[in-house]
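K.L.:
My structure is in start-v3.cif, and what it holds is mmCIF, C-alpha atoms:
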data_final
loop_
_atom_site.group_PDB
_atom_site.id
_atom_site.type_symbol
_atom_site.label_atom_id
_atom_site.label_comp_id
_atom_site.auth_asym_id
_atom_site.auth_seq_id
_atom_site.Cartn_x
_atom_site.Cartn_y
_atom_site.Cartn_z
ATOM 1 C CA MET D 1 76.536 75.887 78.126
ATOM 2 C CA GLU D 2 75.591 72.477 76.686
ATOM 3 C CA SER D 3 78.345 72.597 74.082
ATOM 4 C CA GLY D 4 80.966 73.173 76.798
ATOM 5 C CA MET D 5 80.043 70.120 78.913
ATOM 6 C CA PRO D 6 81.320 67.403 76.509
ATOM 7 C CA LYS D 7 84.667 69.152 76.294
ATOM 8 C CA GLU D 8 85.049 69.007 80.081
ATOM 9 C CA LYS D 9 84.095 65.301 80.127
ATOM 10 C CA SER D 10 86.563 64.398 77.365
ATOM 11 C CA PHE D 11 89.330 66.402 79.001
ATOM 12 C CA PHE D 12 88.884 64.887 82.481
ATOM 13 C CA PRO D 13 89.776 61.236 81.598
ATOM 14 C CA LEU D 14 92.785 62.458 79.626
ATOM 15 C CA GLN D 15 94.009 64.376 82.648
ATOM 16 C CA VAL D 16 93.540 61.395 84.978
ATOM 17 C CA LYS D 17 95.308 59.059 82.546
ATOM 18 C CA SER D 18 98.305 61.365 82.173
ATOM 19 C CA LEU D 19 98.474 61.710 85.945
ATOM 20 C CA ALA D 20 98.496 57.919 86.359
ATOM 21 C CA VAL D 21 101.321 57.558 83.868
ATOM 22 C CA SER D 22 103.393 60.211 85.614
ATOM 23 C CA MET D 23 102.814 58.489 88.961
ATOM 24 C CA THR D 24 103.751 54.983 87.800
ATOM 25 C CA SER D 25 106.702 55.919 85.609
ATOM 26 C CA PRO D 26 109.238 56.952 88.315
ATOM 27 C CA PRO D 27 108.878 53.712 90.344
ATOM 28 C CA GLN D 28 109.372 51.686 87.152
ATOM 29 C CA ARG D 29 112.470 53.685 86.323
ATOM 30 C CA GLY D 30 113.747 53.279 89.872
ATOM 31 C CA PHE D 31 113.198 49.513 89.739
ATOM 32 C CA TYR D 32 115.209 49.071 86.538
ATOM 33 C CA MET D 33 117.984 51.407 87.679
ATOM 34 C CA THR D 34 118.307 49.461 90.943
ATOM 35 C CA GLN D 35 118.363 46.188 89.016
ATOM 36 C CA VAL D 36 121.120 47.439 86.711
ATOM 37 C CA MET D 37 123.161 48.789 89.624
ATOM 38 C CA LEU D 38 122.941 45.539 91.615
ATOM 39 C CA ARG D 39 123.878 43.433 88.592
ATOM 40 C CA LEU D 40 126.864 45.656 87.856
ATOM 41 C CA LEU D 41 127.923 45.378 91.504
ATOM 42 C CA ALA D 42 127.628 41.582 91.300
ATOM 43 C CA ILE D 43 129.907 41.637 88.241
ATOM 44 C CA VAL D 44 132.444 43.855 90.027
ATOM 45 C CA PHE D 45 132.432 41.773 93.224
ATOM 46 C CA THR D 46 132.732 38.417 91.470
ATOM 47 C CA SER D 47 135.499 39.730 89.211
ATOM 48 C CA ALA D 48 137.374 41.013 92.260
ATOM 49 C CA ALA D 49 136.866 37.704 94.081
ATOM 50 C CA ILE D 50 138.228 35.750 91.113
ATOM 51 C CA SER D 51 141.292 37.938 90.620
ATOM 52 C CA VAL D 52 142.185 37.949 94.330
ATOM 53 C CA MET D 53 141.694 34.190 94.704
ATOM 54 C CA ILE D 54 143.754 33.129 91.700
ATOM 55 C CA THR D 55 146.654 35.365 92.806
ATOM 56 C CA SER D 56 146.623 34.156 96.408
ATOM 57 C CA GLY D 57 149.469 31.651 96.059
ATOM 58 C CA GLN D 58 152.285 31.688 98.597
ATOM 59 C CA THR D 59 155.451 29.620 99.026
ATOM 60 C CA LEU D 60 157.111 29.034 102.385
ATOM 61 C CA THR D 61 160.518 27.478 103.034
ATOM 62 C CA MET D 62 161.182 25.790 106.377
ATOM 63 C CA PHE D 63 164.339 23.805 107.184
ATOM 64 C CA GLY D 64 165.204 23.684 103.516
ATOM 65 C CA ILE D 65 161.807 22.256 102.610
ATOM 66 C CA SER D 66 159.509 24.324 100.386
ATOM 67 C CA PHE D 67 155.778 24.434 101.098
ATOM 68 C CA SER D 68 153.342 26.104 98.729
ATOM 69 C CA ALA D 69 149.687 27.031 99.115
ATOM 70 C CA ARG D 70 147.477 27.522 96.062
ATOM 71 C CA TYR D 71 143.745 27.861 95.744
ATOM 72 C CA SER D 72 143.822 25.060 93.163
ATOM 73 C CA TYR D 73 144.941 22.596 95.846
ATOM 74 C CA SER D 74 141.486 22.827 97.470
ATOM 75 C CA SER D 75 138.359 21.571 95.726
ATOM 76 C CA ALA D 76 136.283 23.999 97.816
ATOM 77 C CA PHE D 77 138.237 27.006 96.583
ATOM 78 C CA ARG D 78 138.099 25.754 93.006
ATOM 79 C CA PHE D 79 134.333 25.423 93.320
ATOM 80 C CA THR D 80 134.093 28.950 94.719
ATOM 81 C CA VAL D 81 136.079 30.372 91.806
ATOM 82 C CA GLY D 82 133.884 28.421 89.378
ATOM 83 C CA ALA D 83 130.749 29.779 91.049
ATOM 84 C CA ASP D 84 132.122 33.324 90.810
ATOM 85 C CA VAL D 85 132.884 32.879 87.101
ATOM 86 C CA VAL D 86 129.414 31.502 86.345
ATOM 87 C CA VAL D 87 127.626 34.227 88.317
ATOM 88 C CA CYS D 88 129.739 36.922 86.674
ATOM 89 C CA CYS D 89 128.796 35.641 83.206
ATOM 90 C CA LEU D 90 125.130 35.202 84.145
ATOM 91 C CA SER D 91 125.026 38.740 85.512
ATOM 92 C CA LEU D 92 126.286 40.044 82.175
ATOM 93 C CA LEU D 93 123.635 38.055 80.326
ATOM 94 C CA SER D 94 120.933 39.225 82.725
ATOM 95 C CA LEU D 95 121.662 42.839 81.781
ATOM 96 C CA ILE D 96 120.641 41.968 78.224
ATOM 97 C CA LEU D 97 117.495 40.220 79.458
ATOM 98 C CA LEU D 98 116.663 43.180 81.670
ATOM 99 C CA HIS D 99 117.006 45.517 78.694
ATOM 100 C CA PHE D 100 114.337 43.591 76.777
ATOM 101 C CA LEU D 101 112.061 43.396 79.827
ATOM 102 C CA SER D 102 112.265 47.164 80.293
ATOM 103 C CA ARG D 103 110.486 47.753 76.988
ATOM 104 C CA PRO D 104 106.842 48.807 77.290
ATOM 105 C CA ASN D 105 105.568 46.000 75.026
ATOM 106 C CA SER D 106 107.477 43.220 76.821
ATOM 107 C CA ASN D 107 105.621 40.123 78.008
ATOM 108 C CA PRO D 108 105.094 40.286 81.801
ATOM 109 C CA SER D 109 105.379 36.504 82.067
ATOM 110 C CA ASN D 110 109.067 36.811 81.150
ATOM 111 C CA PHE D 111 109.709 38.162 84.634
ATOM 112 C CA PHE D 112 109.429 34.562 85.815
ATOM 113 C CA TYR D 113 112.586 33.715 83.870
ATOM 114 C CA LEU D 114 114.360 36.681 85.434
ATOM 115 C CA PHE D 115 113.290 35.496 88.885
ATOM 116 C CA LEU D 116 114.448 31.938 88.113
ATOM 117 C CA HIS D 117 117.758 33.272 86.790
ATOM 118 C CA ASP D 118 118.374 35.355 89.923
ATOM 119 C CA MET D 119 117.426 32.484 92.221
ATOM 120 C CA VAL D 120 119.924 30.160 90.504
ATOM 121 C CA MET D 121 122.654 32.793 90.903
ATOM 122 C CA THR D 122 121.806 33.226 94.591
ATOM 123 C CA VAL D 123 121.910 29.495 95.338
ATOM 124 C CA LEU D 124 125.158 29.075 93.414
ATOM 125 C CA MET D 125 126.817 31.985 95.210
ATOM 126 C CA ILE D 126 125.842 30.869 98.715
ATOM 127 C CA SER D 127 127.067 27.349 97.893
ATOM 128 C CA GLY D 128 130.478 28.662 96.856
ATOM 129 C CA CYS D 129 130.676 30.990 99.843
ATOM 130 C CA ALA D 130 129.740 28.221 102.274
ATOM 131 C CA ALA D 131 132.320 25.827 100.822
ATOM 132 C CA ALA D 132 135.110 28.426 100.978
ATOM 133 C CA THR D 133 134.119 29.511 104.484
ATOM 134 C CA ALA D 134 134.183 25.952 105.799
ATOM 135 C CA ILE D 135 137.639 25.094 104.473
ATOM 136 C CA GLY D 136 138.921 28.577 105.309
ATOM 137 C CA TYR D 137 137.853 28.168 108.934
ATOM 138 C CA VAL D 138 139.821 24.925 109.175
ATOM 139 C CA GLY D 139 142.838 26.581 107.582
ATOM 140 C CA ARG D 140 142.768 29.455 110.049
ATOM 141 C CA TYR D 141 141.871 27.655 113.280
ATOM 142 C CA GLY D 142 142.626 24.005 112.508
ATOM 143 C CA GLN D 143 140.703 21.035 113.872
ATOM 144 C CA SER D 144 142.374 19.095 116.646
ATOM 145 C CA GLN D 145 139.896 16.205 116.538
ATOM 146 C CA THR D 146 141.018 15.209 113.054
ATOM 147 C CA GLY D 147 144.620 16.341 113.384
ATOM 148 C CA TRP D 148 144.291 19.206 110.889
ATOM 149 C CA MET D 149 146.651 22.029 111.800
ATOM 150 C CA ALA D 150 146.081 25.724 111.255
ATOM 151 C CA ILE D 151 148.249 27.162 108.491
ATOM 152 C CA CYS D 152 147.388 30.860 108.562
ATOM 153 C CA ASP D 153 150.021 31.626 111.202
ATOM 154 C CA ARG D 154 152.644 30.548 108.644
ATOM 155 C CA LEU D 155 150.949 31.425 105.357
ATOM 156 C CA GLY D 156 149.536 34.820 106.239
ATOM 157 C CA LYS D 157 149.452 36.266 102.715
ATOM 158 C CA PHE D 158 147.590 33.273 101.334
ATOM 159 C CA CYS D 159 144.978 33.333 104.097
ATOM 160 C CA TYR D 160 144.516 37.096 103.861
ATOM 161 C CA ARG D 161 143.874 37.031 100.125
ATOM 162 C CA VAL D 162 141.559 34.026 100.389
ATOM 163 C CA THR D 163 139.596 35.785 103.140
ATOM 164 C CA LEU D 164 139.344 38.930 101.010
ATOM 165 C CA SER D 165 138.132 36.886 98.048
ATOM 166 C CA VAL D 166 135.459 35.194 100.169
ATOM 167 C CA VAL D 167 134.292 38.597 101.425
ATOM 168 C CA PHE D 168 133.873 39.771 97.821
ATOM 169 C CA SER D 169 131.937 36.584 97.069
ATOM 170 C CA TYR D 170 129.604 37.234 100.000
ATOM 171 C CA LEU D 171 129.000 40.773 98.760
ATOM 172 C CA ALA D 172 128.088 39.341 95.360
ATOM 173 C CA PHE D 173 125.738 36.903 97.112
ATOM 174 C CA PHE D 174 123.926 39.744 98.873
ATOM 175 C CA CYS D 175 123.494 41.480 95.503
ATOM 176 C CA CYS D 176 122.028 38.296 94.008
ATOM 177 C CA PHE D 177 119.780 37.817 97.032
ATOM 178 C CA ALA D 178 118.440 41.364 96.728
ATOM 179 C CA LEU D 179 117.850 40.813 93.007
ATOM 180 C CA THR D 180 115.901 37.625 93.735
ATOM 181 C CA ILE D 181 113.633 39.437 96.181
ATOM 182 C CA MET D 182 113.089 42.292 93.730
ATOM 183 C CA SER D 183 112.336 39.913 90.851
ATOM 184 C CA ALA D 184 109.891 37.936 92.992
ATOM 185 C CA TYR D 185 108.124 41.125 94.061
ATOM 186 C CA LYS D 186 107.937 42.364 90.477
ATOM 187 C CA LEU D 187 106.544 39.045 89.297
ATOM 188 C CA LYS D 188 103.939 39.075 92.074
ATOM 189 C CA SER D 189 102.870 42.659 91.335
ATOM 190 C CA ARG D 190 102.584 41.927 87.605
ATOM 191 C CA THR D 191 100.477 38.824 88.317
ATOM 192 C CA GLN D 192 98.173 40.773 90.631
ATOM 193 C CA SER D 193 97.776 43.602 88.130
ATOM 194 C CA GLU D 194 96.831 41.140 85.385
ATOM 195 C CA ALA D 195 94.317 39.422 87.688
ATOM 196 C CA ASN D 196 92.647 42.762 88.492
ATOM 197 C CA LYS D 197 92.151 43.608 84.809
#
As a first step, turn the structure in this file into structure tokens.

P.N.:
Amino acid sequence: MESGMPKEKSFFPLQVKSLAVSMTSPPQRGFYMTQVMLRLLAIVFTSAAISVMITSGQTLTMFGISFSARYSYSSAFRFTVGADVVVCCLSLLSLILLHFLSRPNSNPSNFFYLFLHDMVMTVLMISGCAAATAIGYVGRYGQSQTGWMAICDRLGKFCYRVTLSVVFSYLAFFCCFALTIMSAYKLKSRTQSEANK
């Protein structure tokens, strides 16, 4: 009887430890899979926004006079395309960073850099979206106070493709925003777990 008791005591902590690992492993896996999926979506959306915007040019001829609309004529649209390019590249780089952070022996403090990275992408994306939305609104509806006329009734293809590009940019922004919240939550949970040790 006495010889059997130590075996039960040594087996019990091992069982509890293995149970804890099995309970914490799926959420970790789910977190990293969600991160990878959102970053891939951000890459897809920004790539789509760039390709649609740079091919949005349209030429219109009225009374023998040719009028052309290009995204490059607007500083706001150029800024939006630049923001999409930067966020697309940063999303690719963040996949590499996420791969190193997913290792068991990674430093938890590195999650701060991931959070900072995602926050910069979010701010950059909303800046580009806001700039394109503002100038796009004027192009579609005009502004009588300043004498700016609406052009979308004449340049429908250009306005449609610009609108589609801005929608893709907003979708990329929502991906970046979700990543920022997830990174902040992960950083907070890691900090709390270290404080409880």

K.L.:
Could you list, as a ChimeraX atom specification, every residue within 6 Å of D:Ser56, counting only C-alpha atoms and ignoring same-chain residues fewer than 3 positions away?

P.N.:
/D:53,158,161

K.L.:
With distances taken over all atoms listed in the file, which of D:Ser75, D:Thr34, D:Thr122, D:Thr133 is nearest to D:Leu164?

P.N.:
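Distance minimum relative to D:Leu164 lands on D:Thr133.
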
K.L.:
Could you list, as a list in words, every residue matched by the PyMOL selection byres ((chain D and resi 155) around 12) in this structure?

P.N.:
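On the file shown, the PyMOL selection byres ((chain D and resi 155) around 12) covers Ser56, Gly57, Gln58, Thr59, Leu60, Thr61, Met62, Phe67, Ser68, Ala69, Arg70, Gly139, Arg140, Ala150, Ile151, Cys152, Asp153, Arg154, Gly156, Lys157, Phe158, Cys159, Tyr160, Arg161 and Val162 of chain D.
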
K.L.:
Measuring between all atoms listed in the file, which one of D:Val123, D:Ile135, D:Leu114, D:Ala49 shows the shortest distance to D:Lys186?

P.N.:
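Of D:Val123, D:Ile135, D:Leu114, D:Ala49, the one nearest D:Lys186 is D:Leu114, counting all atoms listed in the file.
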
K.L.:
Can you list, as number ranges by chain, the residues that the PyMOL selection byres ((chain D and resi 129) around 9) selects here?

P.N.:
D: 80, 83, 124-128, 130-134, 166-167, 169-170, 173

K.L.:
Dump C-alpha atoms for the selected residues as a PDB file, in the coordinates of the input?

P.N.:
ATOM      1  CA  THR D  80     134.093  28.950  94.719  1.00  0.00           C
ATOM      2  CA  ALA D  83     130.749  29.779  91.049  1.00  0.00           C
ATOM      3  CA  LEU D 124     125.158  29.075  93.414  1.00  0.00           C
ATOM      4  CA  MET D 125     126.817  31.985  95.210  1.00  0.00           C
ATOM      5  CA  ILE D 126     125.842  30.869  98.715  1.00  0.00           C
ATOM      6  CA  SER D 127     127.067  27.349  97.893  1.00  0.00           C
ATOM      7  CA  GLY D 128     130.478  28.662  96.856  1.00  0.00           C
ATOM      8  CA  ALA D 130     129.740  28.221 102.274  1.00  0.00           C
ATOM      9  CA  ALA D 131     132.320  25.827 100.822  1.00  0.00           C
ATOM     10  CA  ALA D 132     135.110  28.426 100.978  1.00  0.00           C
ATOM     11  CA  THR D 133     134.119  29.511 104.484  1.00  0.00           C
ATOM     12  CA  ALA D 134     134.183  25.952 105.799  1.00  0.00           C
ATOM     13  CA  VAL D 166     135.459  35.194 100.169  1.00  0.00           C
ATOM     14  CA  VAL D 167     134.292  38.597 101.425  1.00  0.00           C
ATOM     15  CA  SER D 169     131.937  36.584  97.069  1.00  0.00           C
ATOM     16  CA  TYR D 170     129.604  37.234 100.000  1.00  0.00           C
ATOM     17  CA  PHE D 173     125.738  36.903  97.112  1.00  0.00           C
TER      18      PHE D 173
END

K.L.:
Could you tell me how far atom CA of D:Val81 lies from atom CA of D:Leu40, in Å and to one decimal?

P.N.:
18.3 Å

K.L.:
Kindly give the distance, in Å, that separates atom CA of D:Leu90 and atom CA of D:Thr163, rounded to a single decimal.

P.N.:
23.9 Å

K.L.:
For a test of reading the model, state the distance in Å between atom CA of D:Val52 and atom CA of D:Asp84, rounded to one decimal.

P.N.:
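Separation between atom CA of D:Val52 and atom CA of D:Asp84: 11.6 Å.
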
K.L.:
Find the residue from D:Leu97, D:Phe77, D:Ser51, D:Val138 that sits nearest to D:Tyr32; use all atoms listed in the file when measuring.

P.N.:
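Looking at the shortest contact to D:Tyr32, the residue is D:Leu97.
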
K.L.:
Between D:Leu98, D:Met119, D:Ala172, D:Met149, which has the minimum distance to D:Ile43 (counting all atoms listed in the file)?

P.N.:
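Closest candidate: D:Ala172.
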
K.L.:
Could you pull the residues within 12 Å of D:Tyr113, counting all atoms listed in the file, minus those fewer than 2 positions along the same chain, as a ChimeraX atom specification?

P.N.:
/D:94,97-98,101,107-111,115-120,180,183-184,186-187

K.L.:
Quick one: apply the PyMOL selection byres ((chain D and resi 41) around 10) to the file and drop the selected residues here as a list of chain:residue names.

P.N.:
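Residues picked by the PyMOL selection byres ((chain D and resi 41) around 10): D:Gln35, D:Val36, D:Met37, D:Leu38, D:Arg39, D:Leu40, D:Ala42, D:Ile43, D:Val44, D:Phe45, D:Thr46, D:Ser47, D:Cys88, D:Ser91, D:Leu171, D:Ala172, D:Cys175, D:Cys176.
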
K.L.:
Edge lengths and centre in Å to one decimal, as AutoDock Vina command-line options, of the axis-aligned box that encloses all listed atoms of stretch 136-149 of chain D with 6 Å added on every side?

P.N.:
--center_x 142.3 --center_y 22.3 --center_z 111.0 --size_x 20.8 --size_y 26.2 --size_z 23.3
